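Student: Below is final_1.cif; it holds mmCIF, C-alpha atoms.
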data_model
loop_
_atom_site.label_atom_id
_atom_site.label_comp_id
_atom_site.auth_asym_id
_atom_site.auth_seq_id
_atom_site.Cartn_x
_atom_site.Cartn_y
_atom_site.Cartn_z
CA MET A 1 -47.75 -22.97 -1.30
CA LYS A 2 -45.52 -22.14 1.62
CA THR A 3 -46.72 -23.21 5.07
CA LEU A 4 -47.37 -20.36 7.49
CA ILE A 5 -46.39 -21.17 11.09
CA ASN A 6 -46.86 -19.16 14.27
CA VAL A 7 -43.60 -19.10 16.24
CA LYS A 8 -43.47 -17.81 19.81
CA VAL A 9 -40.27 -16.21 21.07
CA ASN A 10 -39.19 -15.47 24.63
CA LYS A 11 -39.35 -11.98 26.14
CA LYS A 12 -35.65 -11.22 25.76
CA ALA A 13 -35.68 -12.18 22.06
CA ALA A 14 -38.91 -10.24 21.48
CA VAL A 15 -37.28 -7.01 22.65
CA LYS A 16 -34.24 -7.62 20.43
CA LEU A 17 -36.26 -8.57 17.33
CA ARG A 18 -38.63 -5.61 17.78
CA ALA A 19 -35.62 -3.29 17.84
CA GLY A 20 -34.66 -4.52 14.36
CA TYR A 21 -32.35 -7.49 14.99
CA PRO A 22 -33.11 -9.69 11.96
CA LEU A 23 -31.67 -13.08 12.96
CA LEU A 24 -33.88 -15.70 14.57
CA GLU A 25 -31.84 -17.78 17.03
CA LYS A 26 -32.90 -21.28 18.02
CA GLU A 27 -32.82 -20.56 21.75
CA ALA A 28 -35.24 -17.66 21.18
CA VAL A 29 -38.04 -19.98 20.02
CA GLU A 30 -40.37 -21.40 22.68
CA ASN A 31 -42.36 -23.80 20.48
CA VAL A 32 -39.42 -25.16 18.49
CA LYS A 33 -41.28 -28.38 17.59
CA VAL A 34 -43.43 -26.49 15.05
CA LEU A 35 -40.33 -25.92 12.88
CA LYS A 36 -40.56 -28.69 10.30
CA LYS A 37 -39.42 -27.69 6.82
CA GLU A 38 -36.86 -25.11 5.75
CA GLY A 39 -38.51 -22.41 3.68
CA ASP A 40 -41.67 -22.34 5.80
CA ILE A 41 -42.90 -18.80 6.53
CA LEU A 42 -42.82 -17.94 10.23
CA ARG A 43 -45.04 -15.36 11.92
CA ILE A 44 -42.95 -14.30 14.89
CA LEU A 45 -45.08 -13.57 17.99
CA ASP A 46 -44.23 -12.48 21.52
CA ASP A 47 -45.49 -14.24 24.66
CA LYS A 48 -48.79 -12.30 24.42
CA LYS A 49 -49.20 -13.35 20.76
CA ASN A 50 -48.45 -9.85 19.43
CA TYR A 51 -46.97 -9.83 15.91
CA ILE A 52 -43.27 -8.89 15.66
CA GLY A 53 -42.33 -9.80 12.09
CA THR A 54 -42.39 -12.41 9.33
CA ALA A 55 -39.38 -14.67 8.86
CA TYR A 56 -38.43 -17.71 6.83
CA TYR A 57 -37.12 -20.89 8.43
CA GLY A 58 -33.56 -21.54 7.21
CA VAL A 59 -30.75 -23.10 9.20
CA GLN A 60 -27.33 -21.44 9.04
CA ASN A 61 -24.40 -21.57 11.42
CA LYS A 62 -25.65 -18.21 12.72
CA GLY A 63 -29.26 -19.08 13.45
CA ILE A 64 -32.45 -20.72 12.18
CA GLY A 65 -34.03 -17.99 10.08
CA TRP A 66 -34.27 -14.32 9.21
CA ILE A 67 -37.03 -11.75 9.67
CA ILE A 68 -37.59 -10.24 6.23
CA THR A 69 -40.61 -8.00 6.81
CA HIS A 70 -42.42 -6.30 9.69
CA GLU A 71 -45.64 -5.91 7.66
CA PRO A 72 -48.13 -8.62 8.78
CA GLU A 73 -49.99 -8.61 5.44
CA GLU A 74 -46.96 -8.67 3.13
CA TYR A 75 -46.66 -11.77 0.95
CA ILE A 76 -43.25 -13.36 0.40
CA ASP A 77 -43.60 -13.83 -3.36
CA THR A 78 -41.93 -12.73 -6.62
CA PRO A 79 -43.12 -9.08 -6.33
CA PHE A 80 -41.63 -8.99 -2.79
CA PHE A 81 -38.20 -10.01 -4.14
CA VAL A 82 -38.58 -7.58 -7.07
CA ARG A 83 -39.02 -4.72 -4.56
CA LYS A 84 -35.99 -5.81 -2.55
CA ILE A 85 -33.74 -6.12 -5.63
CA GLU A 86 -34.99 -2.81 -6.99
CA ALA A 87 -34.12 -1.04 -3.70
CA ALA A 88 -30.69 -2.73 -3.63
CA LEU A 89 -29.94 -1.52 -7.17
CA GLN A 90 -30.76 2.06 -6.17
CA HIS A 91 -27.99 1.90 -3.59
CA ARG A 92 -25.47 0.73 -6.22
CA LYS A 93 -26.36 3.30 -8.89
CA GLU A 94 -22.98 5.04 -8.77
CA LEU A 95 -21.03 1.78 -8.96
CA MET A 96 -23.14 0.63 -11.90
CA LYS A 97 -22.00 3.75 -13.79
CA ASN A 98 -18.31 3.50 -12.80
CA PRO A 99 -16.26 2.70 -15.95
CA ASP A 100 -13.23 1.57 -13.90
CA THR A 101 -15.02 -1.01 -11.71
CA ASN A 102 -17.31 -3.75 -13.03
CA ALA A 103 -17.34 -6.24 -10.15
CA PHE A 104 -19.08 -5.59 -6.83
CA ARG A 105 -21.85 -6.74 -4.51
CA VAL A 106 -25.41 -6.05 -5.64
CA PHE A 107 -27.33 -7.61 -2.75
CA ASN A 108 -25.84 -8.09 0.73
CA GLY A 109 -28.08 -10.33 2.82
CA GLU A 110 -29.67 -8.70 5.86
CA GLY A 111 -28.14 -5.34 4.84
CA ASP A 112 -30.56 -5.33 1.90
CA GLY A 113 -33.40 -6.91 3.84
CA ILE A 114 -33.01 -10.66 3.21
CA GLY A 115 -30.54 -12.50 5.43
CA GLY A 116 -29.00 -15.57 3.83
CA LEU A 117 -29.09 -14.20 0.25
CA ILE A 118 -26.08 -12.59 -1.45
CA ILE A 119 -25.76 -11.56 -5.11
CA ASP A 120 -22.49 -10.42 -6.67
CA TYR A 121 -21.95 -8.81 -10.08
CA TYR A 122 -19.05 -9.61 -12.43
CA ASP A 123 -19.16 -7.65 -15.69
CA GLY A 124 -22.59 -8.77 -16.90
CA PHE A 125 -22.72 -12.01 -14.89
CA TYR A 126 -24.40 -12.49 -11.52
CA VAL A 127 -23.43 -14.98 -8.81
CA ILE A 128 -26.06 -15.90 -6.21
CA HIS A 129 -24.90 -17.27 -2.84
CA TRP A 130 -27.57 -19.30 -1.02
CA TYR A 131 -26.73 -19.72 2.66
CA SER A 132 -29.51 -22.13 3.67
CA GLU A 133 -31.99 -24.57 2.21
CA GLY A 134 -34.62 -22.14 3.48
CA ILE A 135 -33.60 -19.27 1.21
CA TYR A 136 -32.89 -21.75 -1.61
CA SER A 137 -36.56 -22.80 -1.45
CA PHE A 138 -37.39 -19.32 -2.86
CA ARG A 139 -35.05 -19.87 -5.84
CA LYS A 140 -37.85 -19.78 -8.45
CA GLU A 141 -39.23 -16.47 -7.16
CA ILE A 142 -35.80 -14.85 -6.75
CA LEU A 143 -34.71 -15.86 -10.26
CA ALA A 144 -38.00 -14.48 -11.64
CA ALA A 145 -37.32 -11.20 -9.81
CA MET A 146 -33.78 -11.07 -11.19
CA ARG A 147 -35.06 -11.62 -14.73
CA GLU A 148 -37.48 -8.74 -14.24
CA LYS A 149 -35.02 -6.23 -12.76
CA LEU A 150 -31.56 -7.14 -14.07
CA GLN A 151 -29.98 -7.31 -17.49
CA PHE A 152 -27.44 -10.13 -17.52
CA LYS A 153 -25.30 -12.29 -19.72
CA GLY A 154 -25.55 -15.23 -17.33
CA ILE A 155 -26.29 -16.32 -13.76
CA TYR A 156 -24.26 -18.65 -11.55
CA GLU A 157 -24.99 -19.86 -8.03
CA LYS A 158 -23.13 -21.13 -4.95
CA LYS A 159 -25.05 -23.45 -2.65
CA ARG A 160 -23.45 -23.00 0.77
CA PHE A 161 -25.61 -25.22 2.94
CA ASP A 162 -24.32 -28.77 3.21
CA GLN A 163 -24.21 -30.35 6.70
CA LYS A 164 -21.43 -28.09 7.99
CA GLY A 165 -22.58 -24.96 6.18
CA GLN A 166 -19.99 -25.57 3.47
CA TYR A 167 -20.24 -25.13 -0.28
CA ILE A 168 -21.84 -27.99 -2.24
CA GLU A 169 -19.70 -28.98 -5.25
CA ASP A 170 -21.74 -28.65 -8.43
CA ASP A 171 -21.91 -27.14 -11.89
CA ASP A 172 -22.90 -23.66 -10.73
CA PHE A 173 -24.32 -22.41 -14.04
CA VAL A 174 -28.00 -21.43 -13.80
CA GLU A 175 -29.14 -19.67 -16.98
CA GLY A 176 -28.30 -17.20 -19.74
CA GLU A 177 -24.99 -17.77 -21.51
CA ARG A 178 -22.04 -19.58 -19.98
CA GLY A 179 -18.99 -17.45 -19.30
CA GLU A 180 -15.56 -18.22 -20.73
CA PHE A 181 -13.22 -18.57 -17.78
CA PRO A 182 -10.98 -17.17 -16.57
CA MET A 183 -12.75 -13.94 -17.46
CA MET A 184 -11.32 -10.50 -16.82
CA ILE A 185 -13.00 -7.97 -14.55
CA LYS A 186 -11.90 -4.45 -13.61
CA GLU A 187 -11.59 -2.88 -10.19
CA ASN A 188 -10.42 0.74 -9.95
CA GLY A 189 -8.79 0.20 -13.35
CA VAL A 190 -6.88 -2.93 -12.25
CA ASN A 191 -7.53 -6.22 -14.08
CA PHE A 192 -8.37 -9.40 -12.20
CA CYS A 193 -9.09 -12.89 -13.53
CA VAL A 194 -12.11 -14.67 -12.07
CA ASP A 195 -13.77 -18.04 -12.57
CA LEU A 196 -17.43 -18.15 -11.59
CA ASN A 197 -17.70 -21.93 -11.98
CA ASP A 198 -14.72 -23.25 -10.05
CA GLY A 199 -15.77 -24.01 -6.48
CA ALA A 200 -16.95 -21.74 -3.71
CA MET A 201 -14.67 -18.78 -4.49
CA THR A 202 -14.20 -16.82 -7.68
CA GLY A 203 -10.58 -15.62 -7.40
CA ILE A 204 -11.09 -12.27 -5.70
CA PHE A 205 -12.62 -11.07 -2.44
CA LEU A 206 -14.75 -8.11 -3.49
CA ASP A 207 -14.96 -6.68 0.04
CA GLN A 208 -11.25 -5.67 -0.01
CA ARG A 209 -11.65 -3.24 -2.95
CA GLU A 210 -10.84 -0.07 -0.99
CA VAL A 211 -7.90 -1.70 0.79
CA ARG A 212 -6.34 -2.82 -2.51
CA ASN A 213 -6.75 0.70 -3.87
CA ALA A 214 -5.08 2.22 -0.80
CA ILE A 215 -2.10 -0.15 -1.13
CA ARG A 216 -1.67 0.68 -4.81
CA THR A 217 -2.08 4.44 -4.56
CA ARG A 218 -0.51 5.28 -1.18
CA TYR A 219 1.67 2.56 0.32
CA ALA A 220 3.40 0.46 -2.34
CA GLU A 221 5.92 2.76 -4.00
CA GLY A 222 9.47 1.54 -3.49
CA ALA A 223 8.41 -1.07 -0.93
CA LYS A 224 9.52 -4.65 -0.47
CA MET A 225 6.12 -6.21 0.05
CA LEU A 226 5.09 -9.47 1.73
CA ASN A 227 1.58 -10.84 1.16
CA MET A 228 0.66 -13.57 3.66
CA PHE A 229 -2.33 -15.88 3.00
CA SER A 230 -2.10 -14.42 -0.50
CA TYR A 231 -4.83 -16.54 -2.21
CA THR A 232 -4.60 -15.39 -5.86
CA GLY A 233 -2.19 -12.51 -5.16
CA ALA A 234 -4.56 -9.56 -5.62
CA PHE A 235 -2.82 -7.42 -2.97
CA SER A 236 0.55 -8.24 -4.57
CA VAL A 237 -0.71 -7.15 -8.01
CA CYS A 238 -1.86 -3.82 -6.56
CA ALA A 239 1.48 -3.34 -4.80
CA ALA A 240 3.41 -4.08 -8.01
CA LEU A 241 1.23 -1.66 -9.97
CA GLY A 242 1.80 0.93 -7.24
CA GLY A 243 5.56 0.76 -7.73
CA ALA A 244 6.68 -1.83 -5.16
CA GLU A 245 10.32 -2.84 -5.57
CA LYS A 246 9.34 -6.51 -5.23
CA THR A 247 6.40 -8.56 -3.95
CA THR A 248 6.48 -11.91 -2.14
CA SER A 249 3.20 -13.86 -2.06
CA VAL A 250 2.82 -16.79 0.36
CA ASP A 251 -0.06 -19.27 0.46
CA VAL A 252 -0.31 -22.96 1.34
CA ALA A 253 -2.58 -23.90 -1.59
CA ASN A 254 -0.78 -25.39 -4.59
CA ARG A 255 -2.93 -23.60 -7.12
CA SER A 256 -2.10 -20.21 -5.60
CA ARG A 257 1.04 -20.11 -7.76
CA SER A 258 -0.65 -20.44 -11.16
CA LYS A 259 -3.54 -18.19 -10.08
CA THR A 260 -1.14 -15.49 -8.90
CA VAL A 261 0.89 -15.67 -12.12
CA GLN A 262 -2.40 -15.27 -14.01
CA GLN A 263 -3.28 -12.09 -12.07
CA PHE A 264 0.16 -10.54 -12.70
CA GLU A 265 -0.03 -11.35 -16.41
CA ALA A 266 -3.52 -9.81 -16.65
CA ASN A 267 -1.84 -6.51 -15.73
CA ASP A 268 1.27 -6.93 -17.94
CA ILE A 269 3.54 -7.55 -14.95
CA ASP A 270 6.38 -10.03 -15.39
CA ALA A 271 5.59 -12.66 -12.73
CA SER A 272 9.16 -14.03 -12.89
CA GLU A 273 10.35 -10.79 -11.28
CA GLN A 274 8.03 -11.37 -8.31
CA GLU A 275 8.34 -14.10 -5.69
CA ILE A 276 5.53 -16.64 -5.30
CA VAL A 277 5.92 -19.14 -2.44
CA VAL A 278 3.69 -22.17 -1.91
CA ASP A 279 4.16 -22.92 1.78
CA ASP A 280 2.44 -22.90 5.14
CA VAL A 281 2.52 -19.24 6.20
CA PHE A 282 3.70 -20.17 9.70
CA GLN A 283 6.60 -22.16 8.26
CA TYR A 284 7.49 -19.20 6.05
CA PHE A 285 7.69 -16.93 9.11
CA LYS A 286 10.39 -19.22 10.52
CA TYR A 287 12.24 -19.38 7.19
CA ALA A 288 12.20 -15.59 6.74
CA ALA A 289 13.40 -15.06 10.32
CA ARG A 290 16.32 -17.47 9.75
CA LYS A 291 17.27 -15.62 6.57
CA ASN A 292 16.92 -12.21 8.29
CA ARG A 293 14.42 -11.12 5.65
CA THR A 294 12.48 -7.96 6.42
CA PHE A 295 9.81 -6.03 4.53
CA ASP A 296 8.53 -2.46 4.26
CA LEU A 297 4.92 -3.48 3.66
CA VAL A 298 3.26 -6.65 4.96
CA VAL A 299 -0.34 -7.71 4.33
CA VAL A 300 -1.78 -10.21 6.83
CA ASP A 301 -5.24 -11.36 5.80
CA PRO A 302 -5.84 -14.82 7.28
CA PRO A 303 -9.11 -16.74 7.08
CA SER A 304 -11.19 -16.71 10.30
CA PHE A 305 -10.22 -20.35 10.73
CA ALA A 306 -7.47 -22.31 9.00
CA LYS A 307 -6.04 -25.77 9.47
CA THR A 308 -2.78 -27.10 8.03
CA LYS A 309 -0.91 -30.30 8.87
CA LYS A 310 1.05 -28.63 11.65
CA ARG A 311 -1.16 -25.86 12.95
CA THR A 312 -4.74 -24.73 13.54
CA PHE A 313 -5.42 -20.99 13.38
CA SER A 314 -8.44 -19.21 14.84
CA ALA A 315 -8.61 -15.43 14.36
CA ALA A 316 -10.46 -14.93 17.65
CA LYS A 317 -7.73 -16.74 19.59
CA ASP A 318 -4.46 -16.73 17.66
CA TYR A 319 -4.30 -13.34 15.92
CA PRO A 320 -2.00 -11.59 18.45
CA LYS A 321 0.62 -14.36 18.08
CA LEU A 322 0.38 -14.14 14.28
CA LEU A 323 0.92 -10.38 14.52
CA GLU A 324 3.97 -10.83 16.73
CA GLU A 325 5.58 -13.03 14.08
CA THR A 326 4.67 -10.42 11.45
CA ILE A 327 6.23 -7.57 13.44
CA GLN A 328 9.53 -9.48 13.53
CA LEU A 329 9.66 -9.39 9.71
CA THR A 330 8.64 -5.73 9.43
CA LYS A 331 11.24 -2.97 9.09
CA HIS A 332 11.37 0.12 11.29
CA ASN A 333 8.65 2.51 10.01
CA GLY A 334 7.25 -0.37 7.96
CA ILE A 335 3.51 -0.80 7.43
CA ILE A 336 1.46 -3.87 8.35
CA VAL A 337 -1.98 -4.15 6.76
CA VAL A 338 -3.77 -6.07 9.52
CA SER A 339 -7.02 -7.64 8.32
CA THR A 340 -9.71 -9.99 9.62
CA ASN A 341 -13.10 -11.08 8.29
CA SER A 342 -14.06 -12.76 11.56
CA SER A 343 -17.45 -11.58 12.87
CA ALA A 344 -16.37 -12.98 16.27
CA VAL A 345 -13.78 -10.17 16.56
CA ASP A 346 -15.09 -6.61 16.92
CA VAL A 347 -13.08 -3.44 16.21
CA LYS A 348 -12.28 -2.85 19.88
CA THR A 349 -10.94 -6.40 20.33
CA PHE A 350 -9.00 -6.16 17.08
CA LYS A 351 -7.27 -2.96 18.21
CA LYS A 352 -6.48 -4.72 21.47
CA PHE A 353 -4.82 -7.54 19.48
CA ILE A 354 -2.58 -4.97 17.77
CA LYS A 355 -1.73 -3.27 21.06
CA THR A 356 -0.90 -6.62 22.75
CA ALA A 357 1.33 -7.85 19.90
CA CYS A 358 3.26 -4.57 19.70
CA LYS A 359 3.74 -4.48 23.46
CA GLU A 360 5.03 -8.07 23.48
CA GLN A 361 7.51 -7.22 20.71
CA GLY A 362 8.61 -3.98 22.38
CA VAL A 363 7.63 -1.71 19.47
CA SER A 364 5.45 1.37 19.29
CA TYR A 365 2.86 1.76 16.56
CA GLU A 366 0.43 4.12 14.91
CA ILE A 367 -2.82 3.20 13.16
CA LEU A 368 -2.71 5.30 9.97
CA GLU A 369 -5.98 4.21 8.38
CA GLN A 370 -8.91 1.98 9.17
CA TYR A 371 -11.31 0.26 6.77
CA GLY A 372 -14.53 -1.69 7.08
CA LEU A 373 -16.82 -2.97 4.36
CA PRO A 374 -17.21 -0.88 1.18
CA GLU A 375 -20.56 0.79 0.49
CA ASP A 376 -21.91 -2.02 -1.70
CA PHE A 377 -21.60 -4.42 1.25
CA ARG A 378 -24.57 -2.80 2.96
CA THR A 379 -25.07 -3.42 6.65
CA ILE A 380 -27.63 -2.41 9.26
CA GLU A 381 -26.88 -0.92 12.68
CA THR A 382 -29.18 -3.42 14.40
CA PHE A 383 -27.00 -6.37 13.26
CA PRO A 384 -23.42 -5.56 14.32
CA GLU A 385 -22.18 -9.03 13.27
CA GLY A 386 -22.79 -7.94 9.67
CA HIS A 387 -19.88 -5.47 9.92
CA TYR A 388 -17.41 -8.34 9.73
CA LEU A 389 -14.42 -6.80 7.89
CA LYS A 390 -11.81 -4.89 9.89
CA VAL A 391 -8.59 -3.63 8.28
CA MET A 392 -5.96 -1.39 9.89
CA PHE A 393 -2.87 0.13 8.28
CA VAL A 394 -0.38 0.00 11.17
CA LYS A 395 2.98 1.79 11.13
CA ILE A 396 5.58 -0.06 13.22
CA LYS A 397 8.27 1.92 15.02
CA LYS A 398 11.16 -0.16 16.29
CA LYS A 399 13.49 1.17 18.99
#
Once more with this new file: its structure as structure tokens, please.
Tutor:
Amino acid sequence: MKTLINVKVNKKAAVKLRAGYPLLEKEAVENVKVLKKEGDILRILDDKKNYIGTAYYGVQNKGIGWIITHEPEEYIDTPFFVRKIEAALQHRKELMKNPDTNAFRVFNGEGDGIGGLIIDYYDGFYVIHWYSEGIYSFRKEILAAMREKLQFKGIYEKKRFDQKGQYIEDDDFVEGERGEFPMMIKENGVNFCVDLNDGAMTGIFLDQREVRNAIRTRYAEGAKMLNMFSYTGAFSVCAALGGAEKTTSVDVANRSRSKTVQQFEANDIDASEQEIVVDDVFQYFKYAARKNRTFDLVVVDPPSFAKTKKRTFSAAKDYPKLLEETIQLTKHNGIIVVSTNSSAVDVKTFKKFIKTACKEQGVSYEILEQYGLPEDFRTIETFPEGHYLKVMFVKIKKK
């Protein structure tokens, strides 16, 4: 049995939580000593002991728990998770029927009513991401709900709650049949190789689906394309399929080369005709500048935070400088796909970064298109931090 604890929050937090903000922050709690064990059920009360909502206690880098119902009598049990998964599936009905795409998000944390829980779908396999010990304590009930509502070949999981909120290395297989990896999935008719049991990441970031499609169908033809922080080269594959003259993929990780070759080969593209560079992106900027290399299409999709031997990068602080270096390698009328997944940077700030970098480099610019999260990455208006992805297609005009 889960322990039920009354938690009092301060007036400011009470107003915010009543308005639908789902995240419980530590500084909001007035009787913090009652918080003992992750997974405990918390009845959130205001200073006059009026009920606000029911949460679970689970420590993440963002906060210490999530409100998951505003019904005082609702039990947090298997039927509760069945209802949540059922509602989430209704919102993905069209994707489920799409013959050209068989990998997407099925359950997106607070956007589907349970912060800290994410479930992704990969052609018959499901991957659960647990973001705290608190949500992991409901594993038995959530798996039971998945068995009831989902047909699957197999289930994998990613435990993302060690001391620093990082992924815990493990065999991630849960139940069903084991996949044979790399396995091939489809996205808008493009093939991608994924491995569901090889660390925290699978080989593709599902939230960039619409951006990859835009590159392939509208921006790649005839372009010399540069893909910075290229990971497994998914943007490069889409550019090549869209008719790019040549793609250059740059990433510091050694395995990015073999993974990128794999993605090209999955789409019958000769990888030897493309350029794959294993190097620190910032070093590559210097190299390309020395060689006077310029590109028609540049994708810049850095992690929110990155550390190499020579440099630390924080999106919130260092993005304008990164953009300046990118502009120097971009041709007149070239396109930069400027992307960040940092929840610390909102759209307004991000546009300011672009404006600042272009001003510093003495170029004018036009934002041609703007993307956020695709529809399967559901968000709620009351939790703006959930809208983390910002992507702009920026046309650079040099004097």
Student: List, as a list of chain:residue names, every residue that the PyMOL selection byres ((chain A and resi 294) around 8) selects in the file provided.
Tutor: A:Ala288, A:Asn292, A:Arg293, A:Phe295, A:Asp296, A:Gln328, A:Leu329, A:Thr330, A:Lys331
Student: Counting only C-alpha atoms, which of A:Glu375, A:Lys390, A:Lys307, A:Lys352 gets nearest to Val338 (chain A)?
Tutor: A:Lys390
Student: One decimal, in Å: what's the spacing between CA of Thr54 (chain A) and CA of Leu42 (chain A)?
Tutor: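 Atom-to-atom, CA of Thr54 (chain A) to CA of Leu42 (chain A), that is 5.6 Å.
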Student: Could you check the closest approach to Lys2 (chain A) for each of A:Ser256, A:Ser137, A:Asn61, A:Asn191 and tell me which residue wins, using only C-alpha atoms?
Tutor: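 Using only C-alpha atoms, Lys2 (chain A) sits closest to A:Ser137.
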Student: Under the rule that all atoms listed in the file are counted, which of A:Val106, A:Asn188, A:Asn197, A:Glu324 is the nearest residue to Asp171 (chain A)?
Tutor: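 For Asp171 (chain A), the nearest of the candidates is A:Asn197.
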Student: Using only C-alpha atoms, determine which residues lie at most 7 Å from Glu133 (chain A), disregarding the query and same-chain residues fewer than 6 positions distant; provide the list as a PyMOL selection string.
Tutor: chain A and resi 38+58+161
Student: Suppose a student applies the PyMOL selection byres ((chain A and resi 44) around 8) to this structure; what residues should they get, written as a PyMOL selection string?
Tutor: chain A and resi 6-9+42-43+45-46+51-55
Student: Give me the residues near Gly199 (chain A) as a list in words, where near means some atom within 10 Å (using all atoms listed in the file) and where sequence neighbours in that chain fewer than 3 positions away do not count.
Tutor: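 Non-adjacent residues within range: Lys158, Tyr167, Ile168, Glu169, Asp170, Asp171, Asp172, Asp195, Leu196, Thr202 and Gly203 of chain A.
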